[in-house]
file final09.pdb (PDB, C-alpha atoms, pLDDT in the B column)
ATOM      1  CA  MET A  26     122.933  89.574  44.982  1.00 42.00           C
ATOM      2  CA  ALA A  27     123.976  86.730  47.319  1.00 48.00           C
ATOM      3  CA  LEU A  28     123.753  89.073  50.311  1.00 42.00           C
ATOM      4  CA  THR A  29     120.201  90.074  49.332  1.00 41.00           C
ATOM      5  CA  LYS A  30     119.148  86.419  49.145  1.00 43.00           C
ATOM      6  CA  LYS A  31     120.706  85.725  52.529  1.00 43.00           C
ATOM      7  CA  LEU A  32     118.883  88.688  54.079  1.00 34.00           C
ATOM      8  CA  ALA A  33     115.606  87.617  52.468  1.00 39.00           C
ATOM      9  CA  PHE A  34     116.073  84.067  53.760  1.00 38.00           C
ATOM     10  CA  LEU A  35     116.933  85.349  57.232  1.00 38.00           C
ATOM     11  CA  ALA A  36     113.853  87.593  57.244  1.00 39.00           C
ATOM     12  CA  LEU A  37     111.653  84.710  56.099  1.00 38.00           C
ATOM     13  CA  ALA A  38     113.084  82.422  58.785  1.00 39.00           C
ATOM     14  CA  LEU A  39     112.492  85.110  61.419  1.00 40.00           C
ATOM     15  CA  VAL A  40     108.872  85.639  60.322  1.00 40.00           C
ATOM     16  CA  LEU A  41     108.185  81.892  60.277  1.00 37.00           C
ATOM     17  CA  GLY A  42     109.759  81.544  63.691  1.00 39.00           C
ATOM     18  CA  LEU A  43     107.591  84.337  65.077  1.00 37.00           C
ATOM     19  CA  VAL A  44     104.471  82.780  63.572  1.00 37.00           C
ATOM     20  CA  LEU A  45     105.298  79.436  65.125  1.00 37.00           C
ATOM     21  CA  VAL A  46     106.090  80.942  68.506  1.00 39.00           C
ATOM     22  CA  THR A  47     103.178  83.377  68.708  1.00 39.00           C
ATOM     23  CA  GLY A  48     100.633  81.740  66.430  1.00 40.00           C
ATOM     24  CA  ALA A  49     100.420  78.296  67.980  1.00 37.00           C
ATOM     25  CA  PRO A  50      99.356  79.392  71.480  1.00 42.00           C
ATOM     26  CA  ALA A  51      96.878  81.884  70.033  1.00 40.00           C
ATOM     27  CA  ALA A  52      95.298  79.149  67.956  1.00 39.00           C
ATOM     28  CA  THR A  53      94.760  76.943  71.010  1.00 41.00           C
ATOM     29  CA  ALA A  54      93.570  79.713  73.341  1.00 45.00           C
ATOM     30  CA  PRO A  55      89.811  79.936  73.805  1.00 53.00           C
ATOM     31  CA  ALA A  56      88.156  82.874  72.081  1.00 60.00           C
ATOM     32  CA  GLY A  57      86.581  85.427  74.335  1.00 70.00           C
ATOM     33  CA  LYS A  58      86.877  88.862  75.784  1.00 77.00           C
ATOM     34  CA  ALA A  59      90.123  90.138  77.201  1.00 79.00           C
ATOM     35  CA  GLU A  60      90.070  90.453  80.951  1.00 81.00           C
ATOM     36  CA  MET A  61      92.348  91.355  83.813  1.00 87.00           C
ATOM     37  CA  ILE A  62      94.100  88.383  85.348  1.00 92.00           C
ATOM     38  CA  ASN A  63      92.762  87.959  88.877  1.00 94.00           C
ATOM     39  CA  GLY A  64      93.286  85.594  91.800  1.00 95.00           C
ATOM     40  CA  THR A  65      91.053  82.919  90.324  1.00 94.00           C
ATOM     41  CA  HIS A  66      93.205  82.841  87.191  1.00 95.00           C
ATOM     42  CA  TRP A  67      96.414  83.212  89.221  1.00 96.00           C
ATOM     43  CA  LYS A  68      95.836  80.167  91.434  1.00 95.00           C
ATOM     44  CA  ASN A  69      95.459  77.995  88.307  1.00 95.00           C
ATOM     45  CA  MET A  70      98.621  79.280  86.613  1.00 96.00           C
ATOM     46  CA  SER A  71     101.879  77.345  86.666  1.00 96.00           C
ATOM     47  CA  GLN A  72     104.902  78.877  88.392  1.00 96.00           C
ATOM     48  CA  GLU A  73     106.457  79.491  84.978  1.00 96.00           C
ATOM     49  CA  ASP A  74     103.332  81.286  83.713  1.00 96.00           C
ATOM     50  CA  LYS A  75     103.293  83.447  86.839  1.00 96.00           C
ATOM     51  CA  LEU A  76     106.935  84.405  86.295  1.00 96.00           C
ATOM     52  CA  VAL A  77     106.262  85.222  82.634  1.00 95.00           C
ATOM     53  CA  TYR A  78     103.258  87.355  83.595  1.00 94.00           C
ATOM     54  CA  ILE A  79     105.270  89.303  86.182  1.00 94.00           C
ATOM     55  CA  ARG A  80     108.183  89.712  83.747  1.00 94.00           C
ATOM     56  CA  GLY A  81     105.815  91.115  81.117  1.00 93.00           C
ATOM     57  CA  LEU A  82     104.213  93.495  83.570  1.00 92.00           C
ATOM     58  CA  THR A  83     107.537  94.770  84.886  1.00 91.00           C
ATOM     59  CA  ASN A  84     108.958  95.078  81.363  1.00 92.00           C
ATOM     60  CA  TRP A  85     105.910  97.138  80.388  1.00 90.00           C
ATOM     61  CA  ALA A  86     106.405  99.423  83.404  1.00 89.00           C
ATOM     62  CA  ASP A  87     110.132  99.809  82.603  1.00 89.00           C
ATOM     63  CA  PHE A  88     109.277 100.649  78.988  1.00 88.00           C
ATOM     64  CA  ILE A  89     106.724 103.293  79.974  1.00 86.00           C
ATOM     65  CA  VAL A  90     109.193 104.915  82.367  1.00 87.00           C
ATOM     66  CA  GLU A  91     111.907 105.078  79.706  1.00 85.00           C
ATOM     67  CA  ALA A  92     109.603 106.062  76.849  1.00 83.00           C
ATOM     68  CA  GLN A  93     107.836 108.824  78.734  1.00 81.00           C
ATOM     69  CA  ALA A  94     110.678 110.124  80.889  1.00 75.00           C
ATOM     70  CA  GLN A  95     110.952 113.179  78.634  1.00 77.00           C
ATOM     71  CA  ARG A  96     107.227 113.929  78.928  1.00 74.00           C
ATOM     72  CA  GLY A  97     107.193 113.696  82.708  1.00 69.00           C
ATOM     73  CA  ASN A  98     104.033 113.783  84.731  1.00 72.00           C
ATOM     74  CA  THR A  99     101.669 111.700  82.631  1.00 75.00           C
ATOM     75  CA  GLY A 100      99.531 109.212  84.518  1.00 76.00           C
ATOM     76  CA  GLU A 101     101.242 106.268  82.828  1.00 78.00           C
ATOM     77  CA  TYR A 102     104.705 107.588  83.677  1.00 75.00           C
ATOM     78  CA  CYS A 103     103.916 108.352  87.313  1.00 80.00           C
ATOM     79  CA  MET A 104     102.281 104.988  88.058  1.00 81.00           C
ATOM     80  CA  SER A 105     104.946 103.032  86.182  1.00 85.00           C
ATOM     81  CA  LYS A 106     107.769 104.941  87.900  1.00 85.00           C
ATOM     82  CA  VAL A 107     106.276 104.271  91.331  1.00 86.00           C
ATOM     83  CA  LEU A 108     105.857 100.572  90.469  1.00 87.00           C
ATOM     84  CA  VAL A 109     109.378 100.235  89.038  1.00 89.00           C
ATOM     85  CA  ASP A 110     110.904 101.959  92.058  1.00 88.00           C
ATOM     86  CA  ALA A 111     108.903  99.828  94.506  1.00 88.00           C
ATOM     87  CA  LEU A 112     109.839  96.535  92.824  1.00 90.00           C
ATOM     88  CA  LYS A 113     113.442  97.203  91.785  1.00 90.00           C
ATOM     89  CA  THR A 114     114.940  95.393  94.775  1.00 91.00           C
ATOM     90  CA  LYS A 115     112.806  92.260  94.322  1.00 93.00           C
ATOM     91  CA  THR A 116     113.306  89.261  92.078  1.00 94.00           C
ATOM     92  CA  LEU A 117     110.496  87.982  89.877  1.00 94.00           C
ATOM     93  CA  GLY A 118     110.183  84.987  92.208  1.00 95.00           C
ATOM     94  CA  GLN A 119     109.781  87.258  95.233  1.00 95.00           C
ATOM     95  CA  ILE A 120     107.005  89.194  93.490  1.00 94.00           C
ATOM     96  CA  VAL A 121     105.232  85.931  92.588  1.00 96.00           C
ATOM     97  CA  SER A 122     105.549  84.810  96.230  1.00 95.00           C
ATOM     98  CA  ASP A 123     104.130  88.138  97.406  1.00 94.00           C
ATOM     99  CA  VAL A 124     101.141  87.781  95.064  1.00 95.00           C
ATOM    100  CA  ASP A 125     100.610  84.179  96.212  1.00 96.00           C
ATOM    101  CA  ALA A 126     100.703  85.356  99.840  1.00 95.00           C
ATOM    102  CA  TYR A 127      98.248  88.192  99.113  1.00 94.00           C
ATOM    103  CA  TYR A 128      95.661  85.778  97.712  1.00 96.00           C
ATOM    104  CA  GLN A 129      96.269  83.256 100.525  1.00 95.00           C
ATOM    105  CA  LYS A 130      95.669  85.962 103.150  1.00 95.00           C
ATOM    106  CA  ASN A 131      92.721  87.436 101.243  1.00 93.00           C
ATOM    107  CA  THR A 132      90.722  84.452 100.012  1.00 94.00           C
ATOM    108  CA  GLY A 133      87.636  86.622  99.707  1.00 95.00           C
ATOM    109  CA  LYS A 134      89.419  88.888  97.221  1.00 93.00           C
ATOM    110  CA  MET A 135      90.125  86.425  94.431  1.00 95.00           C
ATOM    111  CA  SER A 136      88.347  88.764  91.996  1.00 94.00           C
ATOM    112  CA  ASN A 137      90.991  91.449  92.646  1.00 92.00           C
ATOM    113  CA  SER A 138      93.406  91.797  89.745  1.00 92.00           C
ATOM    114  CA  VAL A 139      97.006  90.628  90.007  1.00 94.00           C
ATOM    115  CA  VAL A 140      98.013  94.261  89.490  1.00 91.00           C
ATOM    116  CA  GLU A 141      96.090  95.188  92.643  1.00 90.00           C
ATOM    117  CA  ALA A 142      97.616  92.215  94.469  1.00 91.00           C
ATOM    118  CA  ILE A 143     101.079  93.487  93.520  1.00 91.00           C
ATOM    119  CA  LEU A 144     100.284  97.008  94.655  1.00 88.00           C
ATOM    120  CA  ARG A 145      98.854  95.780  97.966  1.00 88.00           C
ATOM    121  CA  GLY A 146     101.043  92.721  98.588  1.00 86.00           C
ATOM    122  CA  ALA A 147     104.448  93.287  96.995  1.00 85.00           C
ATOM    123  CA  THR A 148     104.824  97.030  97.537  1.00 85.00           C
ATOM    124  CA  LYS A 149     103.960  99.678 100.069  1.00 79.00           C
ATOM    125  CA  ILE A 150     102.196 101.764  97.405  1.00 81.00           C
ATOM    126  CA  CYS A 151      98.743 100.792  98.660  1.00 76.00           C
ATOM    127  CA  GLU A 152      98.994 100.160 102.386  1.00 64.00           C
ATOM    128  CA  SER A 153      96.615  97.635 103.912  1.00 58.00           C
ATOM    129  CA  GLY A 154      94.287 100.378 105.206  1.00 56.00           C
ATOM    130  CA  ALA A 155      93.979 102.062 101.795  1.00 53.00           C
ATOM    131  CA  LYS A 156      90.580 102.128 100.151  1.00 58.00           C
ATOM    132  CA  GLU A 157      89.782  99.199  97.832  1.00 59.00           C
ATOM    133  CA  MET A 158      89.661  99.766  94.076  1.00 53.00           C
ATOM    134  CA  LYS A 159      86.183  99.807  92.573  1.00 56.00           C
ATOM    135  CA  LYS A 160      85.329  96.935  90.263  1.00 52.00           C
TER
END

call {"tool": "encode", "arguments": {"input": "final09.pdb", "output": "structure tokens"}}
result
Amino acid sequence: MALTKKLAFLALALVLGLVLVTGAPAATAPAGKAEMINGTHWKNMSQEDKLVYIRGLTNWADFIVEAQAQRGNTGEYCMSKVLVDALKTKTLGQIVSDVDAYYQKNTGKMSNSVVEAILRGATKICESGAKEMKK
């Protein structure tokens, strides 16, 4: 019985902690449509926010590669595998610097997504002469 109470208390503490961690920022964020983060957003983000964004994106790509490795040639797997392989030798800070440099060199392309900036600036996946993505 004591073990059950301890587990229940631990679960309650975990749920409350998650609510505090995830609920507070959501409550202060402006309501609106979801959109791709682009250069305009990027230039206004703190260094820490940029690192968190890149970590989330790379974690997502790692997850897709691992989760779909058995299925093979799905679009998600192929793109994620290419991205993971292209970025595996870089630190998060180097990727952030590459994205910063992309937007500094391409001031007219601030509406391009950060994902595109990574593909064009931090990897050789989309070489500079490759056709632009349609908006």

call {"tool": "atom_distance", "arguments": {"input": "final09.pdb", "atom1": "atom CA of A:Ala86", "atom2": "atom CA of A:Tyr128"}}
result
22.5 Å

call {"tool": "closest_residue", "arguments": {"input": "final09.pdb", "among": "A:Val140, A:Met135, A:Leu108, A:Leu117", "to": "A:Thr65", "atoms": "only C-alpha atoms"}}
result
A:Met135

call {"tool": "resolve_selection", "arguments": {"input": "final09.pdb", "expression": "the PyMOL selection byres ((chain A and resi 139) around 6)", "output": "ChimeraX atom specification"}}
result
/A:62-63,138,140-142

call {"tool": "resolve_selection", "arguments": {"input": "final09.pdb", "expression": "the PyMOL selection byres ((chain A and resi 105) around 8)", "output": "PyMOL selection string"}}
result
chain A and resi 86-87+89-90+101-104+106-109

call {"tool": "write_last_selection", "arguments": {"input": "final09.pdb", "atoms": "C-alpha atoms", "output": "mmCIF file, in the frame of the given file"}}
result
data_model
loop_
_atom_site.group_PDB
_atom_site.id
_atom_site.type_symbol
_atom_site.label_atom_id
_atom_site.label_comp_id
_atom_site.auth_asym_id
_atom_site.auth_seq_id
_atom_site.Cartn_x
_atom_site.Cartn_y
_atom_site.Cartn_z
ATOM 1 C CA ALA A 86 106.405 99.423 83.404
ATOM 2 C CA ASP A 87 110.132 99.809 82.603
ATOM 3 C CA ILE A 89 106.724 103.293 79.974
ATOM 4 C CA VAL A 90 109.193 104.915 82.367
ATOM 5 C CA GLU A 101 101.242 106.268 82.828
ATOM 6 C CA TYR A 102 104.705 107.588 83.677
ATOM 7 C CA CYS A 103 103.916 108.352 87.313
ATOM 8 C CA MET A 104 102.281 104.988 88.058
ATOM 9 C CA LYS A 106 107.769 104.941 87.900
ATOM 10 C CA VAL A 107 106.276 104.271 91.331
ATOM 11 C CA LEU A 108 105.857 100.572 90.469
ATOM 12 C CA VAL A 109 109.378 100.235 89.038
#

call {"tool": "closest_residue", "arguments": {"input": "final09.pdb", "among": "A:Val77, A:Ile150, A:Ala92, A:Ala126", "to": "A:Ala111", "atoms": "all atoms listed in the file"}}
result
A:Ile150

call {"tool": "closest_residue", "arguments": {"input": "final09.pdb", "among": "A:Gly100, A:Met70, A:Ile79, A:Ala94", "to": "A:Asp123", "atoms": "only C-alpha atoms"}}
result
A:Ile79

call {"tool": "resolve_selection", "arguments": {"input": "final09.pdb", "expression": "the PyMOL selection byres ((chain A and resi 80) around 12)", "output": "list in words"}}
result
Glu73, Asp74, Lys75, Leu76, Val77, Tyr78, Ile79, Gly81, Leu82, Thr83, Asn84, Trp85, Ala86, Asp87, Phe88, Val109, Leu112, Lys115, Thr116, Leu117, Gly118, Gln119, Ile120 and Val121 of chain A

call {"tool": "atom_distance", "arguments": {"input": "final09.pdb", "atom1": "atom CA of A:Asp125", "atom2": "atom CA of A:Trp67"}}
result
8.2 Å

call {"tool": "residues_around", "arguments": {"input": "final09.pdb", "residues": "A:Asn137", "least_positions_apart": "6", "cutoff": "12 Å", "atoms": "all atoms listed in the file", "output": "list in words"}}
result
Glu60, Met61, Ile62, Asn63, Gly64, Thr65, His66, Trp67, Val124, Tyr127, Tyr128, Asn131, Ile143, Leu144, Arg145, Gly146, Glu157, Met158, Lys159 and Lys160 of chain A

call {"tool": "atom_distance", "arguments": {"input": "final09.pdb", "atom1": "atom CA of A:Thr114", "atom2": "atom CA of A:Gly133"}}
result
29.1 Å
